Structure formats: C-alpha cells, structure tokens
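Q: The structure that follows is given in the form of structure tokens.
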Number of protein chains: 2
Amino acid sequence: MKQANPKAALILVRKETTPEDLRGMKAALGILTAVGGVSSHAALVSRQMGKVCIVGAGELDISSSAGTVTVQGKTYKEGDDISIDGFTGEVFAGPIATKPSEVVQVLISKELSPEKSDTFRRYKMVMDWAEKHRLLRVRTNADLPNQAAEAIAFGAEGIGLCRTEHMFFDHIAEMREMIMAEDTKSREAALAKMLPHQRNDFAGLFRAMKKLPVTIRLLDPPLHEFLPQNKAGQEEMAKIIGTTVEHVVRRVEELHESNPMLGHRGCRLGIVYPEITAMQARAIFEAAVLVKKEGIDVHAEVMIPLVGFEKEFKNQEKIVRATAEKVFKETGTRVDYMVGTMIELPRACMAADQIAKTAEFFSFGTNDLTQTTLGVSRDDYGPFIGPYTDPKKADILAADPFATIDQEGVGALMKLAVEKGRGVRDKLKIGICGEHGGDPDSVKFCHRIGLDYVSCSPFRVPVARLAAAQAVLEAQGKK
Amino acid sequence: MKQANPKAALILVRKETTPEDLRGMKAALGILTAVGGVSSHAALVSRQMGKVCIVGAGELDISSSAGTVTVQGKTYKEGDDISIDGFTGEVFAGPIATKPSEVVQVLISKELSPEKSDTFRRYKMVMDWAEKHRLLRVRTNADLPNQAAEAIAFGAEGIGLCRTEHMFFDHIAEMREMIMAEDTKSREAALAKMLPHQRNDFAGLFRAMKKLPVTIRLLDPPLHEFLPQNKAGQEEMAKIIGTTVEHVVRRVEELHESNPMLGHRGCRLGIVYPEITAMQARAIFEAAVLVKKEGIDVHAEVMIPLVGFEKEFKNQEKIVRATAEKVFKETGTRVDYMVGTMIELPRACMAADQIAKTAEFFSFGTNDLTQTTLGVSRDDYGPFIGPYTDPKKADILAADPFATIDQEGVGALMKLAVEKGRGVRDKLKIGICGEHGGDPDSVKFCHRIGLDYVSCSPFRVPVARLAAAQAVLEAQGKK
C-alpha cells in the first residue's frame, strides 16, 4: 500500500500477482493476496525473495482501482497500517513490531554476533550434524546476486535455477519492441539493446557464486506476459516504443492464449525465435569470460526449458554451443559449461533416454510437471483442493501436490526419467528445481530415487540440508 | 451468416467457436473459423455432426459484431454467398453447387439405391474385405440419435463417447440456475428440472443404438463455459433466472480460470457437487429401464471423466452404483451396466493398476492426454505447430500430434496403462474415444497395443474399419 513515508515498510495487496507486479513485490516487505495457493506466483516469488507472504486470503475483498481492502465489514485504504503473519496466515489491523529470526540476524543482516545468540548456536549444531550425513547437494533458486549471497550464507552449494524473466522485465521497453517486431532483423536489433544488461546481470551472479555452479534457465514465459493488458498501459507502451495503440492491441489479441500454461512458451519460443536463445547464450558466455578473467573459476549450466522432444533439445543446444564457441574465439578464453534441460513435461520423462543422449544434465521442474501430470493448474485448483485434501470431505489427497511431491504419479514419472536418463548416460547429473526442492518429504523422495541435488529458495536451504541428512539416516533404519 | 431465406444453406463464420455456438453450428451447413487446428472445438464438433468445416483460415479478418469477413481487400457481409471446400480448405466467393458422396446418398439420405451406384458398390467391396480381417471393434462418438443412426449405417458397433454437455446447453436456464445456486438444496432443485430432459435424451440414444453398448461421459467442461461472458448475455441471464446483473458478474469472475483446461472440470465437478453426478446417473438408469421395458436390451457404460487418482474414481463410482440400485428398486427392473473411466491424464496412466481395481473399462481420451503429456494446448499451438512440423524449418514433429498419436510419448503412456490395467484385471475392456480413433495410423497403433475398440465420429467409421483390417494384415507382414 502507498504510504505517506516512502521509506516505510510496505505491504503489497493484490487479488493475485502477475509478473507485472515484480517491481512492486521487490519494493514491498510483505505480500498479501486474496487468491492462489502454495505454488501461485505470489508464493513462489515471495519465497525466493525471502519475503513474508499470505496467499489465498479469500475473505478479503480487494479493489486495486479504489485502493481498498474490505473485510468483515471494515474497509482499509492505501496508507492504513496492517500487519501480516506468514506462519499463521493472519492479517492484523494496525502496526505490530517484528524482528527477523536470530539466525537471520547472524547470517544475513550480520547485526548479531554468533556468540551472542543461543538460537544460532543450536541452529549451527543441528546443521553440523546434518553435514556429516547428507549425500544430496543443496542448491538455491536465485535470480539476483543478493539472493545468491543469502543462500550461500545458509549453505547453498550452487544455483539450481536462475530464472531470467526479470532481466527482460527490467528492460521492458526493449522487450516490448522485440515482441512488436515484424521481422528477424528488427527483433535482433531490440535484443542487441538487452544484451549488455543481461551480460551485466549474469556477471553479477557469477561473481556472487564464486566457483559454485550456476544453472541459468533460458526465457520461459509466454510473450504476452510482457505486454500490458489494460488500456492505459497499452497507450503508454505505444507512446514509448513509437507505434499506434491499435498496433499494440492487435498484438495483444494475437498473443492471447486460452491456456497459457500449455502455450507458446519455454523452448518453443527459442525454436520459433532462435535469435532470443542466441542473445541469451551470448550474454551468459560473455559474462562468464569476463568474470573468469577477473580470476573466478566460473561453471555455467545452461538450461533449456519445457523440452518434450529430443529434437527440441538438440535445436536449442546447437545454438547455445555455437554461440559459446564464437564468444570463446572472440575473447580467446574458454569457460567450463554444460547444456542440459528442465524435465517438466510427462513426455520428457517418457523420452528421457532419447533426451539424455545429448543433454548433460536434467533438472526436474516439478511445478509444471505436477500441473501437466495431474492436469491441475496451480492457479485454478482453489475451488477443489480444499475438499480434496479434507479427510472429512472428498479425502482424495493426503497433501497438497504443489507442496509435497505426488510420489505415485509425478514421482513415478521422475523415477522412470532417472532410470531412462542414466540408462544412456550413467553419470547424468540430475536435480530438482521446483518448489518441492525445499519440502522435507520431497527432499527425502529425491534422495531415494538417486538425484544429485535439490534446489530451493534461499531461506529453505537449511531445511533441505536437514531433510537430506534425515533421508540418509531413514534409509539406514534410524528414524 | 444470416440470410434473407431462413431455409437457405447457412455457413457459420467465427473467429473460433465455443460451446456457446453449438446451436449455430447445428443450424449451419458449414463452419468456417479464422483460428484453431485439427483438434479445436469447431473441428471436433463439425466432424461429429458430419458438417463441412474449415478451421484456422488465418487470412480472414472476421468481425462478429459488424457481421463481416474481410479478405484480400474485399469485405463480405451477412447474407452474402460464400462456399467452402473442407477437403482443400478453400473459401470461395459466391455459391457453388455441391452434392454429398454417393456412399452418403445410399447409406444416409437414402436418395440413391445401392444398385445404381458404382461408387457404393466399390465402397461395399472394400468394407466387406475389411470385415474379414479386423479384430478391433469400431464405435462412434455421438451425442444425438440421428448421429448414432448415421454411424450405425456406416458400421459402428456402439457408442464409445456420448458427451453430455449439449444436454445442459439445451436447458441452459436451469443449468445457469444451478451454477448460481448458493447451496446443495437449490442446486438439487435446478438439477431436478433437467432430469426429465436428460432422461428423454438418453432414452432416444438407447433406442437408436438398440442392443449396442452406449458409453456416456458425465459432465466434463468447467461451469464457466455455461455462463455468458459478455454484458448483454449477462443482463439477459439475470432477467431470466431472476437475479441481479452484479450477482451474475460476480459468479463469472469467481469461476474465471487462468488455464481452464487444467481447472475445475471432469470428475472434480462431480466430487465437489455430487448432486450433479447423482442426477446424471438417475437420468441414465431411468432411461435405460424405460427402454428395456420397451423390449430393447440396453447396455449402458457410465464413464467418469478426468480421473487421476483411484479415490476420485471410487468416489464417483459409489454415487453411480448407489443411484442405479435405487432406480432398479423403484422400477423393479435391472439393466446391464458398467462403470469405467476416461484415461486422459498422465497420472491416470501411471496409476492405471490402482484405478483398474475398481474401474470396469478404460477409454483413452487422447485429446486431453496429448495436451497434458506434451504440455500443448490444442487451442494455442497455432504459432508453433507450423515451424514444428515443417521439415525445412524446426522439423521437430513428423505429424500433428492432435491428428496422429505421438507414439513415443502419448503412445508409450497408453501402452503402460494397458499393461498396468490388465495386470490387475485381465479382461479389462479398453478403447479410445479421442479424435485419434478415426486416424488410420493411430487406429493401427491401438491394434498393436491390444485395445478392444476405437471410437470416432460417424463419418470416419468406415476409415477406422479399414485401418483396423490393415493393422491385422500389416502385423502378418502383408502390406
């Protein structure tokens, strides 16, 4: 909410968030939405940013245009104080004093010295025990250097998922120019403007991660997510990129999708527009070379999203490798890199033996794999997930499948993919970068099917480390 | 298009069709859309209705509000004559004389006697050959008695898929009343009004099919498909069912889904609103008893849609069986019936052994199984399916996966489901009712993995019969 004092702590209140809210989410201390579940956009992004978040507070009647929240007969407006508790899901009227956990005060804000905190001492003791046992590596999902640094403080051993969307949102005018372009040449011209910024962003991440591996996912969301959906935004965009509103509206209509989750996204973008893949690959390798010349041993892992067919992977891999070779030749420096893929479609699991012939690593994108395997949209399951998980009602599910891996369905496909993949490439590196990577039961399942690592949001890294150790002990019969 | 003469042949022209267009499609002789592919709503419904249809005519600029089509600088308006060729996809200005194939003239319109048609004689000779060899049974997808009768004339041996959506659209006021209802009692009251109509519809089908089996799928689409999405429609609806426009708008917003394909539909509806399943089951069994009393040996197969979990199936099966027993007791007559499920989610394939413990038959819904396995929406694949299937461009796919089964992905899951299902129930009846059931290559694949039957739209039945025979000969090495 907008406040008199711009430096005050802000809570972003929305019916639901979309990628268009990213800047607002960054600026906010907490996020509150009326719809969504554990795996909705607001929950995912907040978790990664380490922000307090409540989703699916269905009692709230939120009007973005009026800037009001109405609940139990009372209306709160922009500037009014509210407080939220992300553990209990409670929303309070008025301000409540809060402070971060002592572990965070020691490791992240460094305002407390370790010796002065008993909580931290116990945290460290448990983590030290865990380190003696766990076999799974624990990485983090991070897009920004500060997130990466936080995750390292919590013990992360690499980045398992760097989403690159924000790099396009941060330079939205150029991105929109690219989307409006009528031919390859104009698209390349717009992409060229984004290149130095992305190179800079990747360099920052490589520096923050030092010699730890960094997995970078190429552009994934459908292009319409980058266009304004309302009139005012479309008028502003037309002015900025120098075209007519009608042209913008027509493109928005052209790009509209009935089921965007199953639409023109992931590697399908890079296949139809190879110049996008080429620009991202160039930004990655130029950054890697730059940082290597600064004396840091970079390990880049380029990840192709939403692959279902071997030929899709090979199409994109070819562009990435050709670009890498070009950059290495231009700069006279080589960096260590791998090209692999997300496994997030049932078809990718069935064809894992074919894909692993070329792909050097797999990373299970269990959010999308759950959506497709179960045929359930994480944005739309609100009306039935309640009765489904209620033992007194339909009693279909023991747990929310977006919080804990559905082992007999999604998990069975993962197991099949591991077997098929390692069948043709016995040292195939396999991880998980879906939200499940920070859920203890899911982490244990990943251990049992033989994954090499899990990757989760920075604040969940200690949880994953602990669960990884417990998985080993449980397998030895020690509960 | 609206014409001066209401009895004239009409062509329905739309950007794309939705279930709201069903009545228009019934009234039209041909259907023409600007977007969509082989498996879009317009294509599916036209095929089943036996209507000429062109989808994805992207050059046409269609304005429904103005009632115009603009193409190559010329504008055609409602009432102007156009002609379409469903084989070539061509649209012509002006009227062109057409006549149905002689096979249709002999078998369907009966305006030609078989002896007078050389074409029909050759058709019959080939079909007679096919009958000597094929092992797969061939059923049809039909919702109406006249479609069923046509399919029987083409040699169909039962209904493999009766969609029940149209029964709710035909009594849309009652359906909308049910959707707006705030509690179970009001929902049941609205459903009670639909019961006699559905009973009547089912009785018509059972009579048309005589002793042949009839597979009836319970309500599948999300409820928002039954609500008007535009202002005028919402105002009209509010008036008819006696509520405020605000109430209607609020419900439309509540039911809005980001990805309706993965939303609150299929058995998820019957699980949250068991009264819908109970009403449909009652209509089916009351109709079956009625027709049996008329001397026809009815075989009803009740099919639960979109099952992913054994518990979902059991939840719905229990309601169906309890309702059947009630009706049999009330009427003093029993009819033969089975309860089975669509297999249309990857999770259902992985859990087929669990589901087959209770389900008496499986029917592969390969449209949705393709959408979920590949993560591709049939409504949204337009922008990439071109380059994907073009050997000179991306060259990812040999064929459109919605026209011909993707054997290595979707087909591999089907094979797994057959093995798992028959592993626990060795005589499990298994068929396919997706559009692929009328595609020769897919029919042959179904033969190879051991299905009992394929089901396709009436006019494709002869094609499926022929392909089923060819599959046997090919397996014997005779091409």
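Following the order of the structure tokens, chains are lettered A, B, ..., residues in each are numbered from 1, and ligands are numbered from 1.
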Need to verify the contact set: B:Asp21, 10 Å, only C-alpha atoms, exclusion of same-chain residues closer than 5 positions in sequence. Can you return it as a ChimeraX atom specification?
A: /B:12,14,16,26,41-42
Q: Can you spit out the residues from that selection as a PDB file, in the first residue's frame, using N, CA and C atoms?
A:
```
ATOM      1  N   LEU B  12     -21.661 -20.852 -40.836  1.00  0.00           N
ATOM      2  CA  LEU B  12     -21.344 -20.105 -39.615  1.00  0.00           C
ATOM      3  C   LEU B  12     -19.894 -19.653 -39.695  1.00  0.00           C
ATOM      4  N   ARG B  14     -16.876 -17.624 -37.766  1.00  0.00           N
ATOM      5  CA  ARG B  14     -16.476 -17.183 -36.422  1.00  0.00           C
ATOM      6  C   ARG B  14     -14.962 -17.127 -36.337  1.00  0.00           C
ATOM      7  N   GLU B  16     -13.336 -18.131 -33.677  1.00  0.00           N
ATOM      8  CA  GLU B  16     -13.244 -19.517 -33.230  1.00  0.00           C
ATOM      9  C   GLU B  16     -14.578 -19.846 -32.587  1.00  0.00           C
ATOM     10  N   LYS B  26     -25.315 -26.322 -35.206  1.00  0.00           N
ATOM     11  CA  LYS B  26     -26.349 -27.284 -35.614  1.00  0.00           C
ATOM     12  C   LYS B  26     -27.126 -26.750 -36.800  1.00  0.00           C
ATOM     13  N   HIS B  41     -12.275 -26.817 -31.087  1.00  0.00           N
ATOM     14  CA  HIS B  41     -13.701 -27.051 -30.847  1.00  0.00           C
ATOM     15  C   HIS B  41     -14.482 -27.148 -32.157  1.00  0.00           C
ATOM     16  N   ALA B  42     -14.261 -26.215 -33.078  1.00  0.00           N
ATOM     17  CA  ALA B  42     -15.007 -26.202 -34.344  1.00  0.00           C
ATOM     18  C   ALA B  42     -14.772 -27.492 -35.124  1.00  0.00           C
TER      19      ALA B  42
END
```
Q: List the spatial neighbours of A:Ser457 as a list of chain:residue names - criterion: any atom at most 6 Å away, only C-alpha atoms, same-chain residues fewer than 6 positions off excluded.
A: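 Residues near the query, excluding close chain neighbours: A:Gln48, A:Thr140, A:Asn141.
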Q: Kindly provide, as a tab-separated table (two decimals) with N, CA, C and O atoms, in the first residue's frame, the residues of chain A having any atom no farther than 6 Å from an atom of chain B, counting only C-alpha atoms.
A:
```tsv
chain	number	residue	atom	x	y	z
A	257	GLU	N	-3.82	-16.32	-25.21
A	257	GLU	CA	-3.90	-17.78	-25.20
A	257	GLU	C	-5.01	-18.25	-24.26
A	257	GLU	O	-5.22	-17.65	-23.20
A	259	ASN	N	-5.02	-21.23	-22.79
A	259	ASN	CA	-4.34	-21.94	-21.71
A	259	ASN	C	-2.84	-21.63	-21.78
A	259	ASN	O	-2.06	-22.45	-22.29
A	262	LEU	N	-0.01	-24.06	-21.31
A	262	LEU	CA	0.24	-25.06	-22.35
A	262	LEU	C	0.47	-24.39	-23.71
A	262	LEU	O	0.19	-24.97	-24.75
A	263	GLY	N	0.96	-23.16	-23.67
A	263	GLY	CA	1.01	-22.39	-24.90
A	263	GLY	C	2.40	-22.21	-25.48
A	263	GLY	O	3.28	-23.08	-25.36
A	311	LYS	N	14.49	-33.63	-30.38
A	311	LYS	CA	14.82	-32.65	-31.42
A	311	LYS	C	14.72	-31.21	-30.92
A	311	LYS	O	15.42	-30.33	-31.42
A	346	PRO	N	5.42	-34.65	-18.85
A	346	PRO	CA	5.39	-36.11	-18.86
A	346	PRO	C	6.10	-36.68	-20.08
A	346	PRO	O	6.80	-37.69	-19.99
A	347	ARG	N	5.98	-35.99	-21.23
A	347	ARG	CA	6.63	-36.53	-22.42
A	347	ARG	C	8.15	-36.56	-22.27
A	347	ARG	O	8.82	-37.46	-22.77
A	350	MET	N	9.03	-39.70	-20.47
A	350	MET	CA	8.92	-40.89	-21.31
A	350	MET	C	10.07	-40.96	-22.33
A	350	MET	O	10.47	-42.04	-22.75
A	372	THR	N	1.07	-30.69	-15.31
A	372	THR	CA	0.75	-31.48	-16.50
A	372	THR	C	0.40	-32.93	-16.16
A	372	THR	O	-0.53	-33.49	-16.74
A	373	THR	N	1.11	-33.53	-15.23
A	373	THR	CA	0.85	-34.94	-14.91
A	373	THR	C	-0.54	-35.10	-14.30
A	373	THR	O	-1.29	-36.03	-14.62
A	374	LEU	N	-0.90	-34.17	-13.41
A	374	LEU	CA	-2.20	-34.24	-12.75
A	374	LEU	C	-3.28	-33.51	-13.54
A	374	LEU	O	-4.47	-33.64	-13.24
A	375	GLY	N	-2.87	-32.72	-14.54
A	375	GLY	CA	-3.85	-31.90	-15.26
A	375	GLY	C	-4.49	-30.88	-14.34
A	375	GLY	O	-5.69	-30.63	-14.41
A	376	VAL	N	-3.68	-30.31	-13.45
A	376	VAL	CA	-4.20	-29.36	-12.46
A	376	VAL	C	-3.39	-28.06	-12.53
A	376	VAL	O	-2.17	-28.09	-12.39
A	377	SER	N	-4.06	-26.96	-12.76
A	377	SER	CA	-3.40	-25.66	-12.78
A	377	SER	C	-3.26	-25.14	-11.36
A	377	SER	O	-4.23	-25.07	-10.62
A	380	ASP	N	-5.63	-22.45	-10.49
A	380	ASP	CA	-7.07	-22.69	-10.58
A	380	ASP	C	-7.57	-23.81	-9.69
A	380	ASP	O	-8.72	-24.22	-9.79
A	396	ILE	N	-9.38	-37.05	-1.12
A	396	ILE	CA	-8.70	-37.65	-2.28
A	396	ILE	C	-7.18	-37.63	-2.07
A	396	ILE	O	-6.48	-38.58	-2.41
A	409	GLY	N	2.37	-40.56	-8.69
A	409	GLY	CA	2.11	-40.07	-10.03
A	409	GLY	C	3.33	-39.34	-10.57
A	409	GLY	O	4.10	-39.88	-11.37
```
Q: Please list as a PDB file with N, CA and C atoms, in the first residue's frame every residue within 8 Å of A:His171, counting only C-alpha atoms and excluding residues in the same chain fewer than 4 positions away.
A:
```
ATOM      1  N   MET A 167      15.195 -10.216 -16.058  1.00  0.00           N
ATOM      2  CA  MET A 167      16.131  -9.471 -16.912  1.00  0.00           C
ATOM      3  C   MET A 167      15.402  -8.836 -18.089  1.00  0.00           C
ATOM      4  N   MET A 175      12.161  -5.095 -24.559  1.00  0.00           N
ATOM      5  CA  MET A 175      11.471  -6.387 -24.701  1.00  0.00           C
ATOM      6  C   MET A 175      10.209  -6.213 -25.539  1.00  0.00           C
ATOM      7  N   MET A 194      19.265  -5.338 -25.263  1.00  0.00           N
ATOM      8  CA  MET A 194      19.149  -6.022 -23.961  1.00  0.00           C
ATOM      9  C   MET A 194      20.454  -6.729 -23.580  1.00  0.00           C
TER      10      MET A 194
END
```
Q: Looking at only C-alpha atoms, which of B:Tyr337, B:Leu195, B:Val245, B:Phe459 is the one that sits closest to B:Val103?
A: B:Phe459
Q: So that I can check the surroundings of stretch 55-70 of chain A, please list as a ChimeraX atom specification every protein, DNA and RNA residue that reaches within 10 Å of it, counting only C-alpha atoms and ignoring chain neighbours fewer than 6 positions away.
A: /A:1-2,13-17,31-43,76-80,86,89-91,382
Q: Using only C-alpha atoms, which residues sit within 8 Å of stretch 327-334 of chain B once same-chain residues fewer than 3 positions away are excluded, as an mmCIF file with all heavy atoms, in the first residue's frame?
A:
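So part04.cif came out as:
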```
data_model
loop_
_atom_site.group_PDB
_atom_site.id
_atom_site.type_symbol
_atom_site.label_atom_id
_atom_site.label_comp_id
_atom_site.auth_asym_id
_atom_site.auth_seq_id
_atom_site.Cartn_x
_atom_site.Cartn_y
_atom_site.Cartn_z
ATOM 1 N N ARG B 282 -29.113 -40.895 -12.401
ATOM 2 C CA ARG B 282 -30.552 -41.196 -12.359
ATOM 3 C C ARG B 282 -31.156 -41.107 -13.760
ATOM 4 O O ARG B 282 -31.926 -41.991 -14.173
ATOM 5 C CB ARG B 282 -31.266 -40.236 -11.387
ATOM 6 C CG ARG B 282 -32.765 -40.428 -11.315
ATOM 7 C CD ARG B 282 -33.398 -39.772 -10.097
ATOM 8 N NE ARG B 282 -33.228 -40.543 -8.877
ATOM 9 C CZ ARG B 282 -34.002 -41.571 -8.522
ATOM 10 N NH1 ARG B 282 -35.004 -41.975 -9.305
ATOM 11 N NH2 ARG B 282 -33.784 -42.217 -7.399
ATOM 12 N N PHE B 285 -30.091 -44.248 -15.770
ATOM 13 C CA PHE B 285 -30.699 -45.529 -15.389
ATOM 14 C C PHE B 285 -32.217 -45.522 -15.560
ATOM 15 O O PHE B 285 -32.791 -46.533 -15.934
ATOM 16 C CB PHE B 285 -30.253 -45.929 -13.984
ATOM 17 C CG PHE B 285 -28.788 -46.267 -13.935
ATOM 18 C CD1 PHE B 285 -27.888 -45.462 -13.254
ATOM 19 C CD2 PHE B 285 -28.302 -47.362 -14.634
ATOM 20 C CE1 PHE B 285 -26.529 -45.755 -13.239
ATOM 21 C CE2 PHE B 285 -26.938 -47.666 -14.631
ATOM 22 C CZ PHE B 285 -26.053 -46.856 -13.938
ATOM 23 N N GLU B 286 -32.855 -44.382 -15.324
ATOM 24 C CA GLU B 286 -34.304 -44.323 -15.587
ATOM 25 C C GLU B 286 -34.569 -44.518 -17.081
ATOM 26 O O GLU B 286 -35.511 -45.223 -17.465
ATOM 27 C CB GLU B 286 -34.883 -42.987 -15.098
ATOM 28 C CG GLU B 286 -34.959 -42.928 -13.559
ATOM 29 C CD GLU B 286 -35.652 -41.671 -13.024
ATOM 30 O OE1 GLU B 286 -35.973 -40.775 -13.827
ATOM 31 O OE2 GLU B 286 -35.881 -41.596 -11.806
ATOM 32 N N VAL B 289 -33.970 -48.247 -18.012
ATOM 33 C CA VAL B 289 -35.085 -49.098 -17.574
ATOM 34 C C VAL B 289 -36.281 -48.922 -18.508
ATOM 35 O O VAL B 289 -36.893 -49.888 -18.968
ATOM 36 C CB VAL B 289 -35.468 -48.761 -16.108
ATOM 37 C CG1 VAL B 289 -36.823 -49.351 -15.758
ATOM 38 C CG2 VAL B 289 -34.388 -49.267 -15.147
ATOM 39 N N THR B 323 -27.059 -44.945 -7.086
ATOM 40 C CA THR B 323 -28.207 -44.416 -7.827
ATOM 41 C C THR B 323 -28.831 -45.521 -8.677
ATOM 42 O O THR B 323 -30.059 -45.655 -8.745
ATOM 43 C CB THR B 323 -27.769 -43.235 -8.719
ATOM 44 O OG1 THR B 323 -27.069 -42.284 -7.907
ATOM 45 C CG2 THR B 323 -28.962 -42.560 -9.364
ATOM 46 N N ALA B 324 -27.993 -46.324 -9.331
ATOM 47 C CA ALA B 324 -28.500 -47.426 -10.158
ATOM 48 C C ALA B 324 -29.371 -48.356 -9.313
ATOM 49 O O ALA B 324 -30.501 -48.695 -9.691
ATOM 50 C CB ALA B 324 -27.336 -48.202 -10.775
#
```
Q: Any chance you could list, as JSON, numbers by chain, the residues in stretch 171-315 of chain A that come up helix (DSSP H, G or I) when DSSP is run on the backbone?
A: {"A": [172, 173, 174, 175, 176, 177, 178, 179, 180, 184, 185, 186, 187, 188, 189, 190, 191, 192, 193, 194, 195, 196, 197, 198, 199, 200, 201, 202, 203, 204, 205, 206, 207, 208, 209, 223, 224, 225, 226, 231, 232, 233, 234, 235, 236, 237, 238, 239, 240, 241, 245, 246, 247, 248, 249, 250, 251, 252, 253, 254, 255, 260, 261, 262, 267, 268, 269, 270, 271, 272, 274, 275, 276, 277, 278, 279, 280, 281, 282, 283, 284, 285, 286, 287, 288, 289, 290, 291, 292, 293, 310, 311, 312, 313, 314, 315]}
Q: When DSSP is applied to the backbone of this structure, which of stretch 257-369 of chain A are assigned strand (DSSP E)? Write them out as JSON, numbers by chain.
A: {"A": [299, 300, 301, 302, 303, 304, 336, 337, 338, 339, 340, 341, 342, 343, 361, 362, 363, 364]}
Q: Could the residues of stretch 266-364 of chain B that have an atom at most 10 Å from stretch 159-163 of chain B be listed as a Markdown table, each with its closest atom pair and the distance in Å to one decimal, counting only C-alpha atoms and ordered by chain and ascending residue number?
A:
```
| residue | atom | partner | partner_atom | distance |
| --- | --- | --- | --- | --- |
| B:Ala300 | CA | B:Ile159 | CA | 9.7 |
| B:Glu301 | CA | B:Gly160 | CA | 8.9 |
| B:Val302 | CA | B:Cys162 | CA | 9.8 |
| B:Met303 | CA | B:Leu161 | CA | 8.6 |
| B:Met342 | CA | B:Leu161 | CA | 9.8 |
| B:Ser363 | CA | B:Gly160 | CA | 8.1 |
```
Q: Now that the selection is made, can you save its residues with all heavy atoms as a PDB file, in the first residue's frame?
A:
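Okay, result16.pdb is ready:
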```pdb
ATOM      1  N   ALA B 300     -25.548 -50.000 -20.833  1.00  0.00           N
ATOM      2  CA  ALA B 300     -25.050 -48.658 -20.522  1.00  0.00           C
ATOM      3  C   ALA B 300     -23.659 -48.749 -19.920  1.00  0.00           C
ATOM      4  O   ALA B 300     -23.392 -49.597 -19.074  1.00  0.00           O
ATOM      5  CB  ALA B 300     -26.000 -47.972 -19.551  1.00  0.00           C
ATOM      6  N   GLU B 301     -22.770 -47.871 -20.376  1.00  0.00           N
ATOM      7  CA  GLU B 301     -21.421 -47.801 -19.805  1.00  0.00           C
ATOM      8  C   GLU B 301     -21.222 -46.370 -19.318  1.00  0.00           C
ATOM      9  O   GLU B 301     -21.138 -45.440 -20.127  1.00  0.00           O
ATOM     10  CB  GLU B 301     -20.380 -48.189 -20.861  1.00  0.00           C
ATOM     11  CG  GLU B 301     -20.613 -49.616 -21.386  1.00  0.00           C
ATOM     12  CD  GLU B 301     -19.578 -50.059 -22.421  1.00  0.00           C
ATOM     13  OE1 GLU B 301     -18.786 -49.220 -22.868  1.00  0.00           O
ATOM     14  OE2 GLU B 301     -19.594 -51.254 -22.766  1.00  0.00           O
ATOM     15  N   VAL B 302     -21.189 -46.208 -18.004  1.00  0.00           N
ATOM     16  CA  VAL B 302     -21.066 -44.865 -17.434  1.00  0.00           C
ATOM     17  C   VAL B 302     -19.583 -44.537 -17.275  1.00  0.00           C
ATOM     18  O   VAL B 302     -18.834 -45.309 -16.672  1.00  0.00           O
ATOM     19  CB  VAL B 302     -21.790 -44.765 -16.076  1.00  0.00           C
ATOM     20  CG1 VAL B 302     -21.668 -43.340 -15.506  1.00  0.00           C
ATOM     21  CG2 VAL B 302     -23.258 -45.156 -16.239  1.00  0.00           C
ATOM     22  N   MET B 303     -19.177 -43.397 -17.836  1.00  0.00           N
ATOM     23  CA  MET B 303     -17.752 -43.066 -17.887  1.00  0.00           C
ATOM     24  C   MET B 303     -17.461 -41.797 -17.078  1.00  0.00           C
ATOM     25  O   MET B 303     -18.038 -40.753 -17.310  1.00  0.00           O
ATOM     26  CB  MET B 303     -17.348 -42.878 -19.343  1.00  0.00           C
ATOM     27  CG  MET B 303     -15.881 -42.620 -19.541  1.00  0.00           C
ATOM     28  SD  MET B 303     -15.335 -43.156 -21.187  1.00  0.00           S
ATOM     29  CE  MET B 303     -16.013 -41.844 -22.201  1.00  0.00           C
ATOM     30  N   MET B 342     -12.443 -42.460 -18.277  1.00  0.00           N
ATOM     31  CA  MET B 342     -11.561 -41.947 -19.318  1.00  0.00           C
ATOM     32  C   MET B 342     -10.153 -42.003 -18.751  1.00  0.00           C
ATOM     33  O   MET B 342      -9.942 -41.710 -17.565  1.00  0.00           O
ATOM     34  CB  MET B 342     -11.837 -40.478 -19.617  1.00  0.00           C
ATOM     35  CG  MET B 342     -13.176 -40.158 -20.133  1.00  0.00           C
ATOM     36  SD  MET B 342     -13.353 -39.957 -21.915  1.00  0.00           S
ATOM     37  CE  MET B 342     -12.419 -38.562 -22.422  1.00  0.00           C
ATOM     38  N   SER B 363     -11.222 -45.851 -21.268  1.00  0.00           N
ATOM     39  CA  SER B 363     -11.305 -45.299 -22.618  1.00  0.00           C
ATOM     40  C   SER B 363     -10.315 -44.151 -22.698  1.00  0.00           C
ATOM     41  O   SER B 363     -10.412 -43.178 -21.954  1.00  0.00           O
ATOM     42  CB  SER B 363     -12.726 -44.806 -22.905  1.00  0.00           C
ATOM     43  OG  SER B 363     -12.769 -44.233 -24.198  1.00  0.00           O
TER      44      SER B 363
END
```
Q: Which residues come within 7 Å of B:Pro440, counting only C-alpha atoms, excluding same-chain residues fewer than 3 positions away, as an mmCIF file with all heavy atoms, in the first residue's frame?
A:
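Written output follows (part-v4.cif):
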```cif
data_model
loop_
_atom_site.group_PDB
_atom_site.id
_atom_site.type_symbol
_atom_site.label_atom_id
_atom_site.label_comp_id
_atom_site.auth_asym_id
_atom_site.auth_seq_id
_atom_site.Cartn_x
_atom_site.Cartn_y
_atom_site.Cartn_z
ATOM 1 N N VAL B 443 -5.201 -45.760 -35.375
ATOM 2 C CA VAL B 443 -6.004 -46.983 -35.242
ATOM 3 C C VAL B 443 -5.076 -48.199 -35.241
ATOM 4 O O VAL B 443 -5.213 -49.112 -34.414
ATOM 5 C CB VAL B 443 -7.049 -47.087 -36.381
ATOM 6 C CG1 VAL B 443 -7.712 -48.459 -36.390
ATOM 7 C CG2 VAL B 443 -8.086 -45.973 -36.261
ATOM 8 N N LYS B 444 -4.099 -48.174 -36.140
ATOM 9 C CA LYS B 444 -3.158 -49.304 -36.212
ATOM 10 C C LYS B 444 -2.351 -49.417 -34.914
ATOM 11 O O LYS B 444 -2.099 -50.512 -34.425
ATOM 12 C CB LYS B 444 -2.219 -49.134 -37.415
ATOM 13 C CG LYS B 444 -2.957 -49.285 -38.751
ATOM 14 C CD LYS B 444 -2.025 -48.983 -39.927
ATOM 15 C CE LYS B 444 -2.832 -48.904 -41.222
ATOM 16 N NZ LYS B 444 -1.992 -48.423 -42.335
ATOM 17 N N VAL B 463 -13.408 -45.438 -42.323
ATOM 18 C CA VAL B 463 -11.952 -45.298 -42.330
ATOM 19 C C VAL B 463 -11.331 -46.147 -41.224
ATOM 20 O O VAL B 463 -10.344 -46.854 -41.421
ATOM 21 C CB VAL B 463 -11.554 -43.808 -42.135
ATOM 22 C CG1 VAL B 463 -10.046 -43.664 -42.035
ATOM 23 C CG2 VAL B 463 -12.131 -42.945 -43.241
ATOM 24 N N ALA B 464 -11.944 -46.082 -40.039
ATOM 25 C CA ALA B 464 -11.429 -46.843 -38.899
ATOM 26 C C ALA B 464 -11.568 -48.347 -39.146
ATOM 27 O O ALA B 464 -10.665 -49.122 -38.811
ATOM 28 C CB ALA B 464 -12.179 -46.433 -37.624
ATOM 29 N N ALA B 467 -8.781 -49.304 -41.530
ATOM 30 C CA ALA B 467 -7.458 -49.263 -40.874
ATOM 31 C C ALA B 467 -7.297 -50.430 -39.908
ATOM 32 O O ALA B 467 -6.210 -50.993 -39.775
ATOM 33 C CB ALA B 467 -7.284 -47.935 -40.147
#
```
Q: Could you give me, as a PyMOL selection string, the residues within 12 Å of B:Ala471, counting only C-alpha atoms and dropping anything in the same chain fewer than 6 positions from it?
A: chain B and resi 130+133-136+440-450+464-465+477-479
